[in-house]
>>> print(open('run03.txt').read())   # compact mmCIF, C-alpha atoms
# COMPACT_ATOMS: atom_id res chain seq x y z
CA MET A 1379 22.13 -7.85 9.67
CA LYS A 1380 21.30 -11.04 11.49
CA LYS A 1381 23.21 -14.20 10.54
CA PHE A 1382 22.02 -17.71 11.10
CA ASP A 1383 24.10 -19.78 13.43
CA THR A 1384 24.87 -22.72 11.14
CA THR A 1385 27.76 -24.38 9.37
CA ASN A 1386 25.78 -25.10 6.19
CA SER A 1387 26.33 -22.35 3.57
CA ASP A 1388 22.88 -23.05 2.03
CA TYR A 1389 21.21 -21.02 4.77
CA GLY A 1390 22.73 -17.66 3.81
CA GLU A 1391 21.99 -14.38 5.56
CA TYR A 1392 18.73 -13.16 7.01
CA LYS A 1393 17.84 -9.53 6.24
CA GLY A 1394 14.48 -9.14 7.92
CA LEU A 1395 12.61 -11.31 5.41
CA ASP A 1396 10.36 -14.19 6.45
CA ASN A 1397 12.91 -16.85 7.12
CA LYS A 1398 11.09 -20.06 6.14
CA ILE A 1399 8.77 -21.36 3.42
CA ASP A 1400 7.24 -24.76 2.78
CA CYS A 1401 8.63 -27.03 0.06
CA LYS A 1402 6.29 -29.27 -1.96
CA CYS A 1403 7.42 -32.18 0.19
CA GLY A 1404 6.28 -30.30 3.31
CA TYR A 1405 9.75 -29.57 4.68
CA LYS A 1406 10.29 -25.96 5.87
CA GLN A 1407 13.11 -24.17 4.02
CA PHE A 1408 14.98 -20.93 4.50
CA VAL A 1409 14.16 -18.41 1.75
CA THR A 1410 17.81 -18.24 0.75
CA ASN A 1411 17.99 -21.96 -0.11
CA GLU A 1412 18.00 -22.84 -3.78
CA ARG A 1413 17.14 -26.49 -3.22
CA CYS A 1414 15.17 -28.35 -0.57
CA ILE A 1415 17.38 -30.03 2.02
CA ASN A 1416 14.94 -32.94 2.28
CA CYS A 1417 14.05 -33.79 -1.36
CA ASN A 1418 16.57 -31.64 -3.35
CA GLU A 1419 13.67 -30.01 -5.26
CA LYS A 1420 14.56 -26.62 -6.80
CA ILE A 1421 12.79 -23.87 -4.84
CA SER A 1422 13.35 -20.82 -7.06
CA ASP A 1423 15.66 -19.28 -9.62
CA ASN A 1424 15.52 -15.55 -8.93
CA PHE A 1425 13.06 -14.95 -6.13
CA VAL A 1426 10.81 -16.65 -3.65
CA ASP A 1427 7.23 -15.44 -3.70
CA ILE A 1428 5.93 -16.05 -0.21
CA GLU A 1429 3.48 -13.21 0.41
CA PHE A 1430 1.58 -12.69 -2.83
CA SER A 1431 -1.72 -14.53 -2.67
CA GLY A 1432 -3.26 -13.18 -5.86
CA LYS A 1433 -5.41 -10.73 -3.88
CA LYS A 1434 -3.45 -7.47 -3.93
CA LEU A 1435 -5.24 -4.72 -2.04
CA PHE A 1436 -4.92 -1.33 -3.67
CA PHE A 1437 -5.47 1.88 -1.72
CA LYS A 1438 -5.05 0.36 1.72
CA SER A 1439 -4.39 3.66 3.59
CA VAL A 1440 -4.75 6.40 1.04
CA PHE A 1441 -4.21 9.41 3.31
CA SER A 1442 -1.16 8.00 5.10
CA PHE A 1443 2.36 9.09 4.19
CA GLU A 1444 3.87 5.82 5.51
CA GLY A 1445 4.85 2.75 3.49
CA ARG A 1446 5.34 1.97 -0.19
CA ILE A 1447 3.09 1.54 -3.23
CA ARG A 1448 3.55 0.11 -6.71
CA ARG A 1449 3.63 2.02 -10.00
CA SER A 1450 0.15 0.80 -10.92
CA GLU A 1451 -1.38 2.15 -7.71
CA TYR A 1452 0.39 5.47 -8.22
CA GLY A 1453 -0.87 5.67 -11.82
CA LEU A 1454 -4.43 4.96 -10.66
CA SER A 1455 -4.02 7.66 -8.01
CA ILE A 1456 -3.16 10.21 -10.70
CA LEU A 1457 -6.23 9.20 -12.73
CA ILE A 1458 -8.43 9.44 -9.63
CA MET A 1459 -7.00 12.90 -8.92
CA TYR A 1460 -7.91 14.15 -12.40
CA ALA A 1461 -11.41 12.67 -12.13
CA ALA A 1462 -11.86 14.33 -8.72
CA LEU A 1463 -10.64 17.67 -10.10
CA ILE A 1464 -13.21 17.48 -12.91
CA ILE A 1465 -15.99 16.64 -10.46
CA VAL A 1466 -14.96 19.44 -8.08
CA SER A 1467 -14.84 21.94 -10.97
CA PHE A 1468 -18.42 21.03 -11.95
CA ILE A 1469 -19.61 21.27 -8.34
CA ALA A 1470 -17.75 24.57 -7.86
CA ALA A 1471 -19.84 26.19 -10.58
CA PHE A 1472 -22.83 26.03 -8.20
CA LEU A 1473 -21.01 26.84 -4.95
CA PRO A 1474 -19.11 29.86 -3.62
CA GLN A 1475 -15.46 29.98 -4.63
CA GLY A 1476 -14.12 29.41 -1.10
CA ILE A 1477 -15.91 26.06 -0.90
CA MET A 1478 -14.04 24.83 -3.98
CA PHE A 1479 -10.72 25.18 -2.19
CA LEU A 1480 -12.08 23.22 0.79
CA LEU A 1481 -13.15 20.43 -1.57
CA LEU A 1482 -9.66 20.32 -3.08
CA ILE A 1483 -7.85 19.78 0.25
CA PRO A 1484 -8.63 16.02 0.46
CA VAL A 1485 -7.80 15.58 -3.24
CA TYR A 1486 -4.35 17.12 -2.86
CA TRP A 1487 -3.74 15.33 0.47
CA PHE A 1488 -4.52 12.03 -1.31
CA VAL A 1489 -2.15 12.80 -4.19
CA PHE A 1490 0.74 13.94 -1.98
CA ALA A 1491 0.32 10.91 0.31
CA GLN A 1492 0.35 8.52 -2.65
CA GLY A 1493 3.32 10.38 -4.16
CA ALA A 1494 5.27 10.12 -0.90
CA LYS A 1495 4.64 6.37 -0.76
CA ARG A 1496 5.78 6.01 -4.38
CA CYS A 1497 8.95 7.97 -3.55
CA HIS A 1498 9.50 5.56 -0.65
CA ASP A 1499 9.22 2.60 -3.04
CA ILE A 1500 11.98 4.08 -5.18
CA GLY A 1501 14.06 4.61 -2.03
CA ASN A 1502 13.78 8.39 -1.67
CA SER A 1503 12.15 10.74 0.80
CA GLY A 1504 8.61 11.89 0.02
CA TRP A 1505 9.88 15.44 -0.45
CA TRP A 1506 11.41 14.39 -3.78
CA GLN A 1507 7.96 14.58 -5.39
CA LEU A 1508 8.20 18.38 -5.24
CA ILE A 1509 10.94 18.31 -7.91
CA PRO A 1510 9.45 19.37 -11.27
CA LEU A 1511 8.68 16.40 -13.57
CA TYR A 1512 9.66 13.91 -10.85
CA ALA A 1513 6.07 12.60 -10.88
CA LEU A 1514 6.66 11.46 -14.45
CA PHE A 1515 9.79 9.61 -13.32
CA MET A 1516 7.80 7.94 -10.51
CA LEU A 1517 5.33 6.56 -13.05
CA PHE A 1518 8.03 4.62 -14.89
CA ALA A 1519 10.83 3.95 -12.38
CA ASP A 1520 11.06 0.49 -10.89
CA GLY A 1521 10.89 0.22 -7.11
CA LYS A 1522 13.74 -1.05 -4.95
CA LYS A 1523 13.78 -4.83 -4.58
CA GLY A 1524 13.19 -6.31 -1.16
CA GLU A 1525 12.78 -4.25 1.97
CA ASN A 1526 14.09 -0.73 2.43
CA LYS A 1527 13.89 1.73 5.33
CA TYR A 1528 10.32 2.66 4.36
CA GLY A 1529 8.82 -0.84 4.48
CA SER A 1530 8.49 -4.16 2.70
CA ASN A 1531 8.18 -4.64 -1.03
CA PRO A 1532 4.62 -3.74 -2.16
CA LYS A 1533 4.74 -6.47 -4.81
CA GLY A 1534 4.98 -9.03 -2.04
CA ILE A 1535 8.09 -10.61 -3.51
CA LYS A 1536 10.92 -11.57 -1.24
CA TYR A 1537 14.15 -11.65 -3.22
CA LYS A 1538 16.86 -14.17 -2.55
CA LEU A 1539 20.15 -12.98 -1.21
CA LYS A 1540 23.22 -14.03 -3.14
>>> encode(input="run03.txt", output="structure tokens")
Amino acid sequence: MKKFDTTNSDYGEYKGLDNKIDCKCGYKQFVTNERCINCNEKISDNFVDIEFSGKKLFFKSVFSFEGRIRRSEYGLSILIMYAALIIVSFIAAFLPQGIMFLLLIPVYWFVFAQGAKRCHDIGNSGWWQLIPLYALFMLFADGKKGENKYGSNPKGIKYKLK
């Protein structure tokens, strides 16, 4: 953990988060400050939202096993998987049986990659998704706040340190 070299206790600790944001008055503040040093305006109560721009990109790298995703993206991934399975089953009626299994490889790769990223958001290894009924837990469990060893928060929220 990197500490700021300062005597003012308002600066707090730095844990890999973006270290400064702009106040309404234009003065740059550390994310751990509760009030602006310049105008004493309250910055935030529970968290400082410095990344979320209202344009959240879903399915950024769908076949990658790296990073973290939100519950909503994981839920959509499950729905997409079922839709793809239905489409592949209709197509398989007209194709040889071996082709069906080739068509299912990208579908299962997609689902396991998205499951691994959801496990990372909870703070576990991607192998945890192989536990029976763990996928159901991943649909409802809240992700770890802030950064973890798998990446930054997919919600784009940087939480204050207390």
>>> residues_around(input="run03.txt", residues="range 1461-1476 of chain A", least_positions_apart="6", cutoff="12 Å", atoms="all atoms listed in the file", output="ChimeraX atom specification")
/A:1454-1455,1482-1486,1488-1489
>>> atom_distance(input="run03.txt", atom1="CA of Glu1444 in chain A", atom2="CA of Lys1533 in chain A")
16.1 Å
>>> closest_residue(input="run03.txt", among="A:Glu1525, A:Lys1495, A:Gly1404, A:Asn1531", to="Glu1451 in chain A", atoms="only C-alpha atoms")
A:Lys1495
>>> atom_distance(input="run03.txt", atom1="CA of Gly1445 in chain A", atom2="CA of Pro1532 in chain A")
8.6 Å
>>> atom_distance(input="run03.txt", atom1="CA of Trp1487 in chain A", atom2="CA of Ile1447 in chain A")
15.8 Å
>>> closest_residue(input="run03.txt", among="A:Ser1450, A:Ser1530, A:Asn1502, A:Ser1442", to="Phe1490 in chain A", atoms="all atoms listed in the file")
A:Ser1442
>>> closest_residue(input="run03.txt", among="A:Glu1419, A:Met1516, A:Phe1437, A:Ile1477", to="Ile1458 in chain A", atoms="all atoms listed in the file")
A:Phe1437
>>> residues_around(input="run03.txt", residues="Gly1501 in chain A", least_positions_apart="2", cutoff="9 Å", atoms="only C-alpha atoms", output="list in words")
Arg1496, Cys1497, His1498, Asp1499, Ser1503, Gly1521, Lys1522, Asn1526, Lys1527 and Tyr1528 of chain A
>>> closest_residue(input="run03.txt", among="A:Ile1456, A:Leu1481, A:Val1440, A:Cys1401", to="Ala1513 in chain A", atoms="only C-alpha atoms")
A:Ile1456
>>> closest_residue(input="run03.txt", among="A:Tyr1405, A:Gln1492, A:Tyr1452, A:Gly1524", to="Gly1504 in chain A", atoms="all atoms listed in the file")
A:Gln1492
>>> closest_residue(input="run03.txt", among="A:Asn1416, A:Ala1491, A:Lys1438, A:Phe1443", to="Met1459 in chain A", atoms="all atoms listed in the file")
A:Ala1491
>>> build_atoms(input="run03.txt", residues="range 1490-1517 of chain A", atoms="N, CA and C atoms", output="mmCIF file, in the coordinates of the input")
data_model
loop_
_atom_site.group_PDB
_atom_site.id
_atom_site.type_symbol
_atom_site.label_atom_id
_atom_site.label_comp_id
_atom_site.auth_asym_id
_atom_site.auth_seq_id
_atom_site.Cartn_x
_atom_site.Cartn_y
_atom_site.Cartn_z
ATOM 1 N N PHE A 1490 -0.576 13.805 -2.618
ATOM 2 C CA PHE A 1490 0.740 13.940 -1.980
ATOM 3 C C PHE A 1490 1.069 12.727 -1.125
ATOM 4 N N ALA A 1491 0.075 12.122 -0.481
ATOM 5 C CA ALA A 1491 0.320 10.910 0.310
ATOM 6 C C ALA A 1491 0.721 9.759 -0.601
ATOM 7 N N GLN A 1492 0.018 9.586 -1.707
ATOM 8 C CA GLN A 1492 0.350 8.520 -2.650
ATOM 9 C C GLN A 1492 1.710 8.777 -3.293
ATOM 10 N N GLY A 1493 2.017 10.035 -3.594
ATOM 11 C CA GLY A 1493 3.320 10.380 -4.160
ATOM 12 C C GLY A 1493 4.457 10.102 -3.183
ATOM 13 N N ALA A 1494 4.234 10.389 -1.909
ATOM 14 C CA ALA A 1494 5.270 10.120 -0.900
ATOM 15 C C ALA A 1494 5.521 8.620 -0.797
ATOM 16 N N LYS A 1495 4.458 7.815 -0.825
ATOM 17 C CA LYS A 1495 4.640 6.370 -0.760
ATOM 18 C C LYS A 1495 5.345 5.834 -1.991
ATOM 19 N N ARG A 1496 5.088 6.439 -3.153
ATOM 20 C CA ARG A 1496 5.780 6.010 -4.380
ATOM 21 C C ARG A 1496 7.259 6.401 -4.304
ATOM 22 N N CYS A 1497 7.555 7.572 -3.767
ATOM 23 C CA CYS A 1497 8.950 7.970 -3.550
ATOM 24 C C CYS A 1497 9.638 6.978 -2.614
ATOM 25 N N HIS A 1498 8.936 6.537 -1.584
ATOM 26 C CA HIS A 1498 9.500 5.560 -0.650
ATOM 27 C C HIS A 1498 9.805 4.251 -1.356
ATOM 28 N N ASP A 1499 8.965 3.845 -2.316
ATOM 29 C CA ASP A 1499 9.220 2.600 -3.040
ATOM 30 C C ASP A 1499 10.485 2.694 -3.874
ATOM 31 N N ILE A 1500 10.768 3.876 -4.392
ATOM 32 C CA ILE A 1500 11.980 4.080 -5.180
ATOM 33 C C ILE A 1500 13.199 4.191 -4.267
ATOM 34 N N GLY A 1501 12.972 4.517 -2.998
ATOM 35 C CA GLY A 1501 14.060 4.610 -2.030
ATOM 36 C C GLY A 1501 14.399 6.035 -1.635
ATOM 37 N N ASN A 1502 13.541 6.978 -1.967
ATOM 38 C CA ASN A 1502 13.780 8.390 -1.670
ATOM 39 C C ASN A 1502 12.763 8.908 -0.660
ATOM 40 N N SER A 1503 13.070 10.063 -0.105
ATOM 41 C CA SER A 1503 12.150 10.740 0.800
ATOM 42 C C SER A 1503 10.939 11.230 -0.003
ATOM 43 N N GLY A 1504 9.810 11.396 0.673
ATOM 44 C CA GLY A 1504 8.610 11.890 0.020
ATOM 45 C C GLY A 1504 8.727 13.307 -0.506
ATOM 46 N N TRP A 1505 9.685 14.054 0.005
ATOM 47 C CA TRP A 1505 9.880 15.440 -0.450
ATOM 48 C C TRP A 1505 10.377 15.498 -1.889
ATOM 49 N N TRP A 1506 10.905 14.408 -2.407
ATOM 50 C CA TRP A 1506 11.410 14.390 -3.780
ATOM 51 C C TRP A 1506 10.299 14.647 -4.797
ATOM 52 N N GLN A 1507 9.052 14.385 -4.438
ATOM 53 C CA GLN A 1507 7.960 14.580 -5.390
ATOM 54 C C GLN A 1507 7.731 16.053 -5.720
ATOM 55 N N LEU A 1508 8.338 16.947 -4.951
ATOM 56 C CA LEU A 1508 8.200 18.380 -5.240
ATOM 57 C C LEU A 1508 9.126 18.840 -6.368
ATOM 58 N N ILE A 1509 10.048 17.989 -6.785
ATOM 59 C CA ILE A 1509 10.940 18.310 -7.910
ATOM 60 C C ILE A 1509 10.105 18.302 -9.188
ATOM 61 N N PRO A 1510 10.224 19.333 -10.023
ATOM 62 C CA PRO A 1510 9.450 19.370 -11.270
ATOM 63 C C PRO A 1510 9.722 18.136 -12.137
ATOM 64 N N LEU A 1511 8.681 17.576 -12.689
ATOM 65 C CA LEU A 1511 8.680 16.400 -13.570
ATOM 66 C C LEU A 1511 9.106 15.104 -12.872
ATOM 67 N N TYR A 1512 9.300 15.138 -11.561
ATOM 68 C CA TYR A 1512 9.660 13.910 -10.850
ATOM 69 C C TYR A 1512 8.478 12.938 -10.811
ATOM 70 N N ALA A 1513 7.254 13.461 -10.853
ATOM 71 C CA ALA A 1513 6.070 12.600 -10.880
ATOM 72 C C ALA A 1513 6.069 11.712 -12.123
ATOM 73 N N LEU A 1514 6.551 12.246 -13.223
ATOM 74 C CA LEU A 1514 6.660 11.460 -14.450
ATOM 75 C C LEU A 1514 7.679 10.332 -14.270
ATOM 76 N N PHE A 1515 8.781 10.634 -13.608
ATOM 77 C CA PHE A 1515 9.790 9.610 -13.320
ATOM 78 C C PHE A 1515 9.201 8.519 -12.427
ATOM 79 N N MET A 1516 8.383 8.921 -11.434
ATOM 80 C CA MET A 1516 7.800 7.940 -10.510
ATOM 81 C C MET A 1516 6.843 6.991 -11.207
ATOM 82 N N LEU A 1517 6.226 7.435 -12.304
ATOM 83 C CA LEU A 1517 5.330 6.560 -13.050
ATOM 84 C C LEU A 1517 6.055 5.405 -13.727
#
